[in-house]
Structure formats: C-alpha cells, structure tokens
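Enquirer: Got a structure for you, written out below as structure tokens; questions coming shortly.
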2 protein chains.
Amino acid sequence: MPSRATYHHGDLHRALLVAAEAELIEKGIEGFTLRGVARRAGVSHAAPAHHFKDTAAMLTALAAVAAKRLTETTTRRREAAPHDPRSRFLASGAGYIDFALENPALFMLLFGSGRPDSDDPELVRHAGAAFTDLVDRIAAITGKDPLADAEGRLDVAAAWSLVHGVASLLIAGRMKSLRPTTDADRDAWLRRLIERILPD
Amino acid sequence: MPSRATYHHGDLHRALLVAAEAELIEKGIEGFTLRGVARRAGVSHAAPAHHFKDTAAMLTALAAVAAKRLTETTTRRREAAPHDPRSRFLASGAGYIDFALENPALFMLLFGSGRPDSDDPELVRHAGAAFTDLVDRIAAITGKDPLADAEGRLDVAAAWSLVHGVASLLIAGRMKSLRPTTDADRDAWLRRLIERILPD
DNA sequence: TCACTAGTCTTTACGACGTAAACATGGCAC
DNA sequence: GTGCCATGTTTACGTCGTAAAGACTAGTGA
C-alpha cells in the first residue's frame with residue numbers, strides 16, 4: 001500500500017512525530033488515530049509500533065515536544081521584553097497564553113487530557129523547565145525563593161492558575177463575551193489581566 | 001444477551017445517563033464507550049441509539065448534567081456563607097473548585113474536551129447559569145454591572161480564570177508541590193488564593 | 001375489544017481502529 | 001561477504017460506532 005523509493009524510511013521516528021502533530025491539529029485529540037498517523041507518513045499501519053510502543057507512547061512523545069515548545073515560547077518572549085522583573089513576568093505569561101492560542105491542540109494534549117504518561121522523563125524534564133521559568137520570574141520580583149515558604153508558593157500557584165485559566169478558557173471559546181473583539185487589543189488585554197496577579 | 005423482567009426497560013434514558021456517568025468516572029473520557037454504557041445499563045449495544053443520536057449527544061447530555069451540578073454546588077456554598085459580598089464570592093469560587101475536585105471527570109468533560117456540543121441549548125442554559133452566578137458575585141462587590149464596561153469584564157475574566165486555572169491544575173495533579181499537604185488546610189488555602197483576585 | 005401504529009429493544013452487519021504475530025527487506029558490524 | 005537484527009509489511013483478532021432490519025409491546029382509535 002505505501003509507495004516509497006526505499007523499503008526503509010530512513011527517519012520514520014521524526015516523520016511520525018511530524019505526522020502525529022498534523023493529525024492532532026486536524027482531527028483533534030478525539031479523532032487522533034495511530035493508523036491515520038501512519039497513512040500520513042506513508043507507511044503501513046503497523047510500522048509505528050517499532051518506534052512507539054502504543055498510541056499513548058506516541059502522544060507522550062508529542063506532549064514532550066509541546067512542553068519544549070511552550071518553554072521556548074515563554075523564554076523567547078521574556079528575552080525580547082524590557083529587563084525589569086515585572087515586564088519580564090508579563091511577557092513570559094503572555095507567551096504562555098500565546099502558545100496556547102497558537103497550538104490549542106498541543107496545549108490541550110499537554111494539560112487537558114490524561115492521555116500522555118505524565119511520568120515520562122522527557123515530558124517531566126520539559127514541563128519542569130516551564131515551571132522553573134515561572135518560579136524564576138516570581139523570584140526576580142519578590143527577591144526571594146518563592147518555593148521556600150507558603151506565601152511564596154501561593155504567589156506561584158496564583159500566577160500559574162490565572163495564566164493557565166485564561167489560556168484554557170480562551171481556547172475553549174468560553175471568553176468570547178469578555179475579551180476584546182480585535183486581535184490588536186489582545187496583547188494589552190492579556191497584560192492587564194496578568195498584572196492583577198503580580199506579587200508585590 | 002441482556003436479561004430483564006420486561007422487554008421494555010421503562011426508564012432507559014435516565015438509566016443511560018447514570019450508567020454514562022459511571023462509565024466516564026471509571027474509564028475516563030478516553031476510555032468512554034457507548035457499548036460500555038449499554039452493558040452497564042443491561043441493554044443491547046444498539047439500544048442507546050433510540051435515546052441519544054450518537055456518542056457525542058450522550059456526552060452532551062452528560063455535560064449538561066455536569067453544568068447543572070456545578071451551578072448547584074456554587075449556589076449551595078454561597079448560601080451557606082456569611083452574607084457579605086466578599087465571603088459569598090469566596091464561597092462560590094471555592095465551590096467551583098470543590099466541584100472540580102469531587103467530579104474531575106465531569107469537569108474535564110465540561111471544559112477540557114471538545115466532545116460535547118457546546119451549542120446544545122440545555123448545556124448553554126446550565127453553563128450560562130454558572131456564568132451569571134459569577135457575574136452576580138462580582139456585581140455585589142463592585143456595586144455595578146461588571147459586563148457594562150471593559151474594566152468590569154476584566155474583573156470577571158480574571159476571577160473566572162484564576163478559579164478555573166486552580167481547578168484545572170489541581171485536577172491534572174500539577175500543583176502537588178504548591179498546595180498544602182493536608183486536606184484540612186485546603187479550604188483556607190483556596191480562600192487565600194481566590195482573595196488575590198478579588199476586585200476592590 | 002381488537003387491530004394497528006409507533007416507539008422501544010435486539011440482532012445482524014460493516015468498516016475502522018489498536019495491537020500482536022508472522023513474515024520480508026536490507027543496513028551494517030564483523 | 002555473510003549473517004544478524006532493526007525496520008517495515010501483511011495478516012489476524014477483538015472491540016468500537018453506527019446503520020438497517022427484525023422482535024416485541026404500550027397505547028390509540030375504531
């Protein structure tokens with residue numbers, strides 16, 4: 001069925017991840033299908049088994065990619081921002097939300113579905129980096145380690161919750177009546193929103 | 001295959017919803033199966049078709065139940081709270097989070113999956129009631145209609161986002177290192193968290 | 001009272017899916 | 001060169017969602 005110049009693909013592992021992302025974006029997490037991914041990559045439906053134990057493993061690998069990309073997005077935004085701690089915090093938070101809006105399927109895969117194995121080392125590593133980034137932003141503002149006491153942990157929980165909540169509700173389309181109508185106003189709106197949770 | 005006193009079930013529509021909730025809780029949104037629901041209700045796998053057009057319709061009906069129960073929970077908590085606006089807001093928010101913690105599968109079905117039809121009138125009605133409750137809590141604090149101006153809508157967006165974010169992240173198990181270890185401290189912790197987003 | 005109709009449930013059937021096992025191919029280490 | 005084994009294919013099996021056709025019965029209208 002699959003027609004290809006060579007019997008062996010060459011880089012099927014990577015190709016499958018690319019195909020998997022396309023499949024996820026197009027079909028959503030519900031319609032995601034291993035056989036569909038294989039078709040997209042031009043191989044037989046059983047070929048992925050040699051690279052991913054099962055569907056969950058493939059989704060786990062994809063979630064790790066998502067976590068990595070999320071961290072890259074917040075980092076890039078932060079580095080482009082003014083260097084004062086508050087601006088950097090706002091930029092990082094806006095980056096989190098932008099990632100969600102630009103990659104809703106990946107974001108939902110990462111946070112909203114129980115499908116990826118959340119103990120996977122690669123996933124833990126990249127998700128941990130995103131968390132560390134958040135903690136660092138807050139540390140820069142308060143001047144102490146937020147994880148050291150209950151108040152600091154509350155700072156972290158509140159900031160993450162707000163940003164994550166905005167992202168989730170925007171993606172789910174539940175904030176249509178609250179957010180600004182034009183995309184141009186979105187960024188300013190997001191910043192004003194995030195400002196409300198800034199620690200002193 | 002199914003053995004029952006009478007050929008006709010009598011109240012299969014309701015029984016299917018009960019079975020569907022059990023199926024959702026036990027198998028999760030991923031493992032949710034129409035045939036599994038039918039087995040649970042003791043009918044043939046095709047019987048549900050006479051009561052729900054397809055799987056999505058069944059999940060939509062279940063989501064409407066979830067939305068209704070969410071509103072009931074926040075209402076109950078609010079009514080049990082002291083009558084000052086801030087206490088009532090805190091109680092309502094804590095109710096939202098409690099609902100999520102007590103019904104994680106229903107909460108994720110309602111907000112985190114694209115499976116229910118979000119245009120379903122019954123679902124819109126109950127979800128709208130929950131939203132109205134939130135707006136009313138904020139109106140009671142600020143003394144004006146929050147939806148009337150941009151600042152008020154920002155109040156609503158921020159409050160909803162924080163509460164929704166906490167609920168989502170707690171359910172996903174991503175706040176283990178931030179939340180208090182004992183359940184006894186949880187309520188106080190939640191209140192301190194929600195306080196941070198209270199409008200003036 | 002008694003057919004008949006419409007609604008409810010079952011049976012059967014079909015294509016798609018995930019997974020496993022047996023088989024084919026060819027890259028690469030020796 | 002040769003043989004191993006990772007990589008890909010084929011075949012097979014059980015489960016799923018959905019549709020169509022048949023069995024049963026409650027309720028309606030004559």
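Letters A, B, ... go to the chains of the structure tokens in the order shown; residues in each chain start at 1; ligands are counted from 1 in the same order.
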Please provide as a PyMOL selection string all residues within 12 Å of DG22 (chain D), with the sequence filter that same-chain residues fewer than 6 positions apart are discarded (counting only C-alpha atoms (C1' of nucleotides)).

Expert: chain C and resi 9-12

Enquirer: With only C-alpha atoms (C1' of nucleotides) as the counted atoms, please give the residues lying no more than 12 Å from Gly95 (chain B), apart from itself and same-chain residues fewer than 2 positions off, as a PyMOL selection string.

Expert: chain B and resi 69-81+88-93+97-103+130+133-134+163-164+167+187+190-191+194

Enquirer: Put those residues in a file: N, CA and C atoms, as a CSV table (one decimal), in the first residue's frame.

Expert:
```csv
chain,number,residue,atom,x,y,z
B,69,ARG,N,-25.0,20.6,37.9
B,69,ARG,CA,-24.5,20.2,39.2
B,69,ARG,C,-23.4,21.3,39.7
B,70,LEU,N,-22.7,21.8,38.8
B,70,LEU,CA,-21.7,22.8,39.1
B,70,LEU,C,-22.4,24.0,39.7
B,71,THR,N,-23.4,24.5,39.0
B,71,THR,CA,-24.2,25.6,39.5
B,71,THR,C,-24.8,25.4,40.8
B,72,GLU,N,-25.3,24.2,41.0
B,72,GLU,CA,-25.9,23.8,42.3
B,72,GLU,C,-24.9,23.9,43.4
B,73,THR,N,-23.7,23.4,43.1
B,73,THR,CA,-22.6,23.4,44.1
B,73,THR,C,-22.2,24.8,44.5
B,74,THR,N,-22.0,25.7,43.6
B,74,THR,CA,-21.6,27.0,43.9
B,74,THR,C,-22.7,27.8,44.6
B,75,THR,N,-24.0,27.5,44.2
B,75,THR,CA,-25.1,28.2,44.9
B,75,THR,C,-25.2,27.7,46.3
B,76,ARG,N,-25.1,26.4,46.5
B,76,ARG,CA,-25.2,25.9,47.9
B,76,ARG,C,-24.2,26.5,48.8
B,77,ARG,N,-22.9,26.5,48.3
B,77,ARG,CA,-21.8,27.1,49.1
B,77,ARG,C,-22.1,28.5,49.4
B,78,ARG,N,-22.5,29.3,48.4
B,78,ARG,CA,-22.7,30.7,48.6
B,78,ARG,C,-23.8,30.9,49.7
B,79,GLU,N,-24.9,30.1,49.6
B,79,GLU,CA,-26.0,30.3,50.5
B,79,GLU,C,-25.6,30.0,52.0
B,80,ALA,N,-24.6,29.1,52.1
B,80,ALA,CA,-24.2,28.7,53.4
B,80,ALA,C,-23.2,29.7,54.0
B,81,ALA,N,-22.7,30.6,53.2
B,81,ALA,CA,-21.6,31.6,53.6
B,81,ALA,C,-22.2,32.8,54.3
B,88,ARG,N,-19.3,35.7,50.2
B,88,ARG,CA,-20.1,35.0,49.2
B,88,ARG,C,-19.3,34.7,47.9
B,89,PHE,N,-18.5,35.6,47.5
B,89,PHE,CA,-17.6,35.4,46.4
B,89,PHE,C,-16.7,34.3,46.6
B,90,LEU,N,-16.0,34.3,47.8
B,90,LEU,CA,-15.0,33.3,48.1
B,90,LEU,C,-15.7,31.9,48.2
B,91,ALA,N,-16.8,31.9,48.8
B,91,ALA,CA,-17.5,30.6,48.9
B,91,ALA,C,-17.9,30.0,47.6
B,92,SER,N,-18.4,30.9,46.7
B,92,SER,CA,-18.8,30.5,45.4
B,92,SER,C,-17.6,29.9,44.6
B,93,GLY,N,-16.5,30.7,44.7
B,93,GLY,CA,-15.3,30.2,44.0
B,93,GLY,C,-14.8,28.9,44.5
B,97,ILE,N,-14.2,25.1,42.7
B,97,ILE,CA,-13.0,24.2,42.7
B,97,ILE,C,-13.4,22.9,43.4
B,98,ASP,N,-14.2,23.0,44.4
B,98,ASP,CA,-14.6,21.7,45.1
B,98,ASP,C,-15.4,20.8,44.1
B,99,PHE,N,-16.2,21.4,43.3
B,99,PHE,CA,-16.9,20.6,42.3
B,99,PHE,C,-15.9,19.9,41.4
B,100,ALA,N,-14.9,20.6,41.0
B,100,ALA,CA,-13.9,20.0,40.1
B,100,ALA,C,-13.2,18.9,40.8
B,101,LEU,N,-12.8,19.1,42.0
B,101,LEU,CA,-12.1,18.1,42.7
B,101,LEU,C,-12.9,16.8,43.0
B,102,GLU,N,-14.2,17.1,43.2
B,102,GLU,CA,-15.1,15.9,43.5
B,102,GLU,C,-15.6,15.2,42.3
B,103,ASN,N,-15.6,16.0,41.2
B,103,ASN,CA,-16.1,15.4,39.9
B,103,ASN,C,-15.1,15.7,38.8
B,130,ALA,N,-24.2,29.2,35.6
B,130,ALA,CA,-23.0,29.3,36.3
B,130,ALA,C,-22.2,30.6,36.1
B,133,ASP,N,-24.0,33.5,37.8
B,133,ASP,CA,-23.7,33.5,39.2
B,133,ASP,C,-22.4,34.2,39.5
B,134,LEU,N,-21.4,33.9,38.7
B,134,LEU,CA,-20.1,34.6,38.9
B,134,LEU,C,-20.2,36.1,38.7
B,163,VAL,N,-9.9,31.0,39.2
B,163,VAL,CA,-10.6,29.8,39.8
B,163,VAL,C,-10.5,28.6,38.9
B,164,HIS,N,-10.8,28.9,37.6
B,164,HIS,CA,-10.8,27.8,36.7
B,164,HIS,C,-9.3,27.2,36.5
B,167,ALA,N,-8.6,25.0,39.6
B,167,ALA,CA,-9.3,23.7,39.5
B,167,ALA,C,-8.6,22.8,38.4
B,187,ASP,N,-9.1,24.3,52.3
B,187,ASP,CA,-10.1,25.3,52.2
B,187,ASP,C,-9.5,26.7,52.4
B,190,LEU,N,-7.3,27.7,49.5
B,190,LEU,CA,-8.1,28.1,48.4
B,190,LEU,C,-8.6,29.5,48.6
B,191,ARG,N,-9.1,29.8,49.8
B,191,ARG,CA,-9.6,31.2,50.0
B,191,ARG,C,-8.5,32.2,49.9
B,194,ILE,N,-8.0,32.7,46.2
B,194,ILE,CA,-9.1,33.5,45.5
B,194,ILE,C,-9.1,34.9,45.9
```

Enquirer: What are the residues of chain A that have an atom within 9 Å of an atom of chain C, counting only C-alpha atoms (C1' of nucleotides), as a PDB file with all heavy atoms, in the first residue's frame?

Expert:
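And here is the file that came out, iface.pdb:
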```pdb
ATOM      1  N   TYR A   7      12.676   0.758   0.772  1.00  0.00           N
ATOM      2  CA  TYR A   7      11.873  -0.040   1.701  1.00  0.00           C
ATOM      3  C   TYR A   7      11.947   0.569   3.094  1.00  0.00           C
ATOM      4  O   TYR A   7      10.938   0.763   3.758  1.00  0.00           O
ATOM      5  CB  TYR A   7      12.388  -1.473   1.705  1.00  0.00           C
ATOM      6  CG  TYR A   7      11.588  -2.434   2.559  1.00  0.00           C
ATOM      7  CD1 TYR A   7      10.537  -3.162   2.012  1.00  0.00           C
ATOM      8  CD2 TYR A   7      11.898  -2.624   3.903  1.00  0.00           C
ATOM      9  CE1 TYR A   7       9.811  -4.044   2.773  1.00  0.00           C
ATOM     10  CE2 TYR A   7      11.177  -3.505   4.680  1.00  0.00           C
ATOM     11  CZ  TYR A   7      10.135  -4.214   4.114  1.00  0.00           C
ATOM     12  OH  TYR A   7       9.421  -5.089   4.884  1.00  0.00           O
ATOM     13  N   HIS A   8      13.142   0.901   3.518  1.00  0.00           N
ATOM     14  CA  HIS A   8      13.292   1.546   4.824  1.00  0.00           C
ATOM     15  C   HIS A   8      13.125   3.045   4.683  1.00  0.00           C
ATOM     16  O   HIS A   8      13.632   3.656   3.736  1.00  0.00           O
ATOM     17  CB  HIS A   8      14.667   1.207   5.421  1.00  0.00           C
ATOM     18  CG  HIS A   8      14.746  -0.203   5.912  1.00  0.00           C
ATOM     19  ND1 HIS A   8      13.963  -0.666   6.938  1.00  0.00           N
ATOM     20  CD2 HIS A   8      15.478  -1.254   5.509  1.00  0.00           C
ATOM     21  CE1 HIS A   8      14.228  -1.938   7.156  1.00  0.00           C
ATOM     22  NE2 HIS A   8      15.143  -2.328   6.290  1.00  0.00           N
ATOM     23  N   THR A  33      -5.693   9.193  15.533  1.00  0.00           N
ATOM     24  CA  THR A  33      -5.650   7.779  15.209  1.00  0.00           C
ATOM     25  C   THR A  33      -4.250   7.352  14.799  1.00  0.00           C
ATOM     26  O   THR A  33      -3.602   8.024  13.993  1.00  0.00           O
ATOM     27  CB  THR A  33      -6.633   7.522  14.047  1.00  0.00           C
ATOM     28  OG1 THR A  33      -7.893   7.186  14.575  1.00  0.00           O
ATOM     29  CG2 THR A  33      -6.154   6.439  13.134  1.00  0.00           C
ATOM     30  N   LEU A  34      -3.806   6.237  15.366  1.00  0.00           N
ATOM     31  CA  LEU A  34      -2.484   5.727  15.011  1.00  0.00           C
ATOM     32  C   LEU A  34      -2.410   5.396  13.527  1.00  0.00           C
ATOM     33  O   LEU A  34      -1.433   5.708  12.851  1.00  0.00           O
ATOM     34  CB  LEU A  34      -2.191   4.461  15.819  1.00  0.00           C
ATOM     35  CG  LEU A  34      -0.932   4.436  16.668  1.00  0.00           C
ATOM     36  CD1 LEU A  34      -0.672   3.054  17.177  1.00  0.00           C
ATOM     37  CD2 LEU A  34       0.252   4.940  15.872  1.00  0.00           C
ATOM     38  N   ARG A  35      -3.447   4.770  13.042  1.00  0.00           N
ATOM     39  CA  ARG A  35      -3.472   4.410  11.619  1.00  0.00           C
ATOM     40  C   ARG A  35      -3.459   5.653  10.739  1.00  0.00           C
ATOM     41  O   ARG A  35      -2.871   5.652   9.652  1.00  0.00           O
ATOM     42  CB  ARG A  35      -4.693   3.538  11.337  1.00  0.00           C
ATOM     43  CG  ARG A  35      -4.524   2.112  11.870  1.00  0.00           C
ATOM     44  CD  ARG A  35      -5.827   1.317  11.847  1.00  0.00           C
ATOM     45  NE  ARG A  35      -5.815   0.261  10.851  1.00  0.00           N
ATOM     46  CZ  ARG A  35      -5.781  -1.044  11.120  1.00  0.00           C
ATOM     47  NH1 ARG A  35      -5.748  -1.458  12.376  1.00  0.00           N
ATOM     48  NH2 ARG A  35      -5.790  -1.922  10.171  1.00  0.00           N
ATOM     49  N   ALA A  46       1.139  -0.659  10.833  1.00  0.00           N
ATOM     50  CA  ALA A  46       1.836  -1.322  11.934  1.00  0.00           C
ATOM     51  C   ALA A  46       3.267  -0.798  12.113  1.00  0.00           C
ATOM     52  O   ALA A  46       3.928  -1.128  13.089  1.00  0.00           O
ATOM     53  CB  ALA A  46       1.855  -2.826  11.718  1.00  0.00           C
ATOM     54  N   ALA A  49       4.688   0.915  15.408  1.00  0.00           N
ATOM     55  CA  ALA A  49       4.923   0.093  16.593  1.00  0.00           C
ATOM     56  C   ALA A  49       6.419  -0.078  16.872  1.00  0.00           C
ATOM     57  O   ALA A  49       6.825  -0.296  18.014  1.00  0.00           O
ATOM     58  CB  ALA A  49       4.260  -1.273  16.423  1.00  0.00           C
ATOM     59  N   ASP A  54       2.901   2.188  21.830  1.00  0.00           N
ATOM     60  CA  ASP A  54       1.473   2.206  21.513  1.00  0.00           C
ATOM     61  C   ASP A  54       1.033   3.664  21.326  1.00  0.00           C
ATOM     62  O   ASP A  54       1.874   4.568  21.345  1.00  0.00           O
ATOM     63  CB  ASP A  54       0.652   1.530  22.609  1.00  0.00           C
ATOM     64  CG  ASP A  54       0.957   2.092  23.981  1.00  0.00           C
ATOM     65  OD1 ASP A  54       1.519   3.199  24.061  1.00  0.00           O
ATOM     66  OD2 ASP A  54       0.638   1.431  24.979  1.00  0.00           O
ATOM     67  N   THR A  55      -0.251   3.873  21.169  1.00  0.00           N
ATOM     68  CA  THR A  55      -0.756   5.229  20.926  1.00  0.00           C
ATOM     69  C   THR A  55      -0.386   6.175  22.060  1.00  0.00           C
ATOM     70  O   THR A  55       0.027   7.317  21.829  1.00  0.00           O
ATOM     71  CB  THR A  55      -2.283   5.208  20.764  1.00  0.00           C
ATOM     72  OG1 THR A  55      -2.625   4.238  19.776  1.00  0.00           O
ATOM     73  CG2 THR A  55      -2.789   6.568  20.310  1.00  0.00           C
TER      74      THR A  55
END
```

Enquirer: Write out as a VMD selection string every residue belonging to chain D that has an atom at most 7 Å from any atom of chain A, counting only C-alpha atoms (C1' of nucleotides).

Expert: chain D and resid 7 to 9

Enquirer: Residues of chain B that approach chain A to 6 Å or less, counting only C-alpha atoms: could you list each one with the shortest pair of atoms and its distance in Å to one decimal, rows by chain and increasing residue number, as CSV?

Expert:
```
residue,atom,partner,partner_atom,distance
B:Gly112,CA,A:Gly112,CA,5.4
B:Arg153,CA,A:Leu178,CA,5.4
B:Ser161,CA,A:Gly165,CA,4.2
B:Leu162,CA,A:Leu162,CA,4.1
B:His164,CA,A:Gly165,CA,5.3
B:Gly165,CA,A:Gly165,CA,3.7
B:Val166,CA,A:Ser161,CA,4.9
B:Leu178,CA,A:Arg153,CA,5.4
```

Enquirer: Could you write out the selected residues, including C-alpha atoms, as an mmCIF file, in the first residue's frame?

Expert:
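So again-v6.cif came out as:
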```
data_model
loop_
_atom_site.group_PDB
_atom_site.id
_atom_site.type_symbol
_atom_site.label_atom_id
_atom_site.label_comp_id
_atom_site.auth_asym_id
_atom_site.auth_seq_id
_atom_site.Cartn_x
_atom_site.Cartn_y
_atom_site.Cartn_z
ATOM 1 C CA GLY B 112 -11.416 20.278 28.772
ATOM 2 C CA ARG B 153 -15.283 42.487 32.115
ATOM 3 C CA SER B 161 -9.563 32.457 35.044
ATOM 4 C CA LEU B 162 -7.953 32.147 38.439
ATOM 5 C CA HIS B 164 -10.755 27.786 36.653
ATOM 6 C CA GLY B 165 -6.992 27.583 36.481
ATOM 7 C CA VAL B 166 -6.648 26.363 40.046
ATOM 8 C CA LEU B 178 2.437 24.072 45.771
#
```

Enquirer: To test your reading of the structure, identify every residue in region 83-167 of chain A that backbone DSSP assigns to alpha helix (DSSP H), and report it as a PyMOL selection string.

Expert: chain A and resi 85-102+104-107+121-142+150-167

Enquirer: Mind pulling up the distance from CA of Ala66 (chain A) to CA of His126 (chain A)?

Expert: 8.7 Å

Enquirer: What's the separation between CA of Ala38 (chain A) and CA of Ala20 (chain A), in Å to one decimal place?

Expert: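 Interatomic distance here is 8.6 Å.
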
Enquirer: Nearest residue to Glu23 (chain A) out of A:Ala61, A:Val37, A:Ala139, A:Ala56, using only C-alpha atoms?

Expert: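 The closest residue to Glu23 (chain A) is A:Val37.
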